[in-house]
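Let me begin by presenting the structure, written as structure tokens, before commenting on it.
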Amino acid sequence: MPEGFTLVLVIILGLAVVFDYINGFHDTANAIATSVSTRALRPEQAIALSATANFVGALTGTAVATTIGKGLVDEQALNAADPSLTYLAAAIIGGIIWNLLTWRLGIPSSSSHSLIGGLLGASIAAAGLSVVKVDGVVGKVLFPLVTSPFLGLAIGFGFMVVLLNIFRRAHPARINERFRRMQVLSAAYMAFSHGSNDAQKTMGIMALALFSAGVIPTFEIPIPVILVAATAISLGTAAGGWRIIKTMGQRVVKLDPVHGFAAETTAATIILGASHFGMPVSTTHVIASAIMGVGSSERLSAVRWGVARGIVIAWILTIPAAGLVAALSYAILHPLLGA
């Protein structure tokens, strides 16, 4: 490879690792906010558990990575239009900037959709709308984007109703103590599912870069890429994300251990199902909607719908906003790196 081309590839891989790290601390709240807010785990315990489970979850498959790398944009047309692969660097930058902005504001937006938005925005800037695989975007991104929050609401609500009926005669203090212990398992389950879905998105970008550069002969996810992505997201998780933890664990609805257990179990099951089918869902969407569903099972007023409305607005804005940032980044970077 030419020296300049090698430099661009190194930049892309470095940015991907940075994004994965940011994804870890940005989305820490997804796995541990409920267990911290219910005092099932101390913050340092929850973070250590989440980091470990995230790493293990990231090793469990590559279906989501394949969707990101091959299912959303026409890589051959893109590589012909932009042989320098600058569009991949711009895509990751779009995701990073939107993630950092929402983290700074304490808004639990979707890291997944920020990266997807960045990829779409940069790709369109590089080669036009024709490179977007509409069927892949609709089936693998927009469909789960719309349905997964409704599943979280409905299943979380139903699961909580079942638990309340099973334990309706039990003393509240005993229920809380029992589910506080069980929440250790549900928090680990949630973190594991998070790793199984979120870490793969960066793997897909890294594999696409390596394949487009001719470093690997076919599109596949090499083991070193899997290990690097798993390590980066787990280290980011260990760094924590306290602003978003406060929003997810305290501001949406007041949680007891039984609520936390129900929300985490619901969300983790939905996310693992999506990972199996190669759907890059937003773990943030799923856990937030599960928390709302669980909280509304007793009374609708238990959920602070004003805070929830702000979260929904961030969900809607994420893909187009990250895409716009990525397109602007491409316009700046391409004259510098694409020459």
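By order in the structure tokens, chains are A, B, ...; within a chain, residues start at 1; ligands start at 1, following the order shown.
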
Practice problem: Write out as a PyMOL selection string all residues of stretch 11-244 of chain A that backbone DSSP assigns to helix (DSSP H, G or I). | Solution: chain A and resi 11-26+28-37+43-58+63-71+75-81+86-105+111-127+129-131+134-166+172-212+223-239+242-244

- What lies within 9 Å of A:Gly57 using only C-alpha atoms, ignoring chain neighbours under 2 positions off, as a list in words? Thr52, Ala53, Asn54, Phe55, Leu59, Thr60, Gly61, Ala191, Phe192, Ser193, His194, Gly195, Ser196, Asn197, Ala199 and Ala230 of chain A

I need the residues from that last selection saved to file as an mmCIF file, in the first residue's frame (with C-alpha atoms), if you can.
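Below you can see selection_32.cif, which holds the result:
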data_model
loop_
_atom_site.group_PDB
_atom_site.id
_atom_site.type_symbol
_atom_site.label_atom_id
_atom_site.label_comp_id
_atom_site.auth_asym_id
_atom_site.auth_seq_id
_atom_site.Cartn_x
_atom_site.Cartn_y
_atom_site.Cartn_z
ATOM 1 C CA THR A 52 -15.985 -7.890 32.361
ATOM 2 C CA ALA A 53 -19.356 -8.958 30.965
ATOM 3 C CA ASN A 54 -19.045 -6.488 28.078
ATOM 4 C CA PHE A 55 -15.733 -8.059 27.079
ATOM 5 C CA LEU A 59 -16.622 -12.388 21.758
ATOM 6 C CA THR A 60 -19.909 -14.174 21.077
ATOM 7 C CA GLY A 61 -20.627 -13.452 17.413
ATOM 8 C CA ALA A 191 -23.779 -5.987 30.215
ATOM 9 C CA PHE A 192 -23.154 -9.249 28.350
ATOM 10 C CA SER A 193 -25.894 -8.446 25.839
ATOM 11 C CA HIS A 194 -24.518 -4.920 25.431
ATOM 12 C CA GLY A 195 -21.118 -6.313 24.475
ATOM 13 C CA SER A 196 -22.703 -8.795 22.080
ATOM 14 C CA ASN A 197 -24.297 -5.981 20.074
ATOM 15 C CA ALA A 199 -18.788 -3.928 20.234
ATOM 16 C CA ALA A 230 -13.800 -6.114 22.984
#

Go through stretch 116-198 of chain A residue by residue and, counting only C-alpha atoms, keep those with an atom at most 6 Å from stretch 67-74 of chain A; for each kept residue give the shortest atom pair and its distance in Å to one decimal, ordered by chain and increasing number, as a tab-separated table.
residue	atom	partner	partner_atom	distance
A:Val131	CA	A:Asp74	CA	5.0
A:Val132	CA	A:Val73	CA	4.5
A:Lys133	CA	A:Leu72	CA	5.0
A:Gly136	CA	A:Leu72	CA	5.2
A:Val137	CA	A:Leu72	CA	5.5

One decimal place gives the atom CA of A:Gly260-atom CA of A:Ala314 separation as 23.1 Å

In terms of only C-alpha atoms, the residue from A:Ala262, A:Leu328, A:Ala80, A:Leu41 at minimal distance from A:Ala125 is A:Leu328
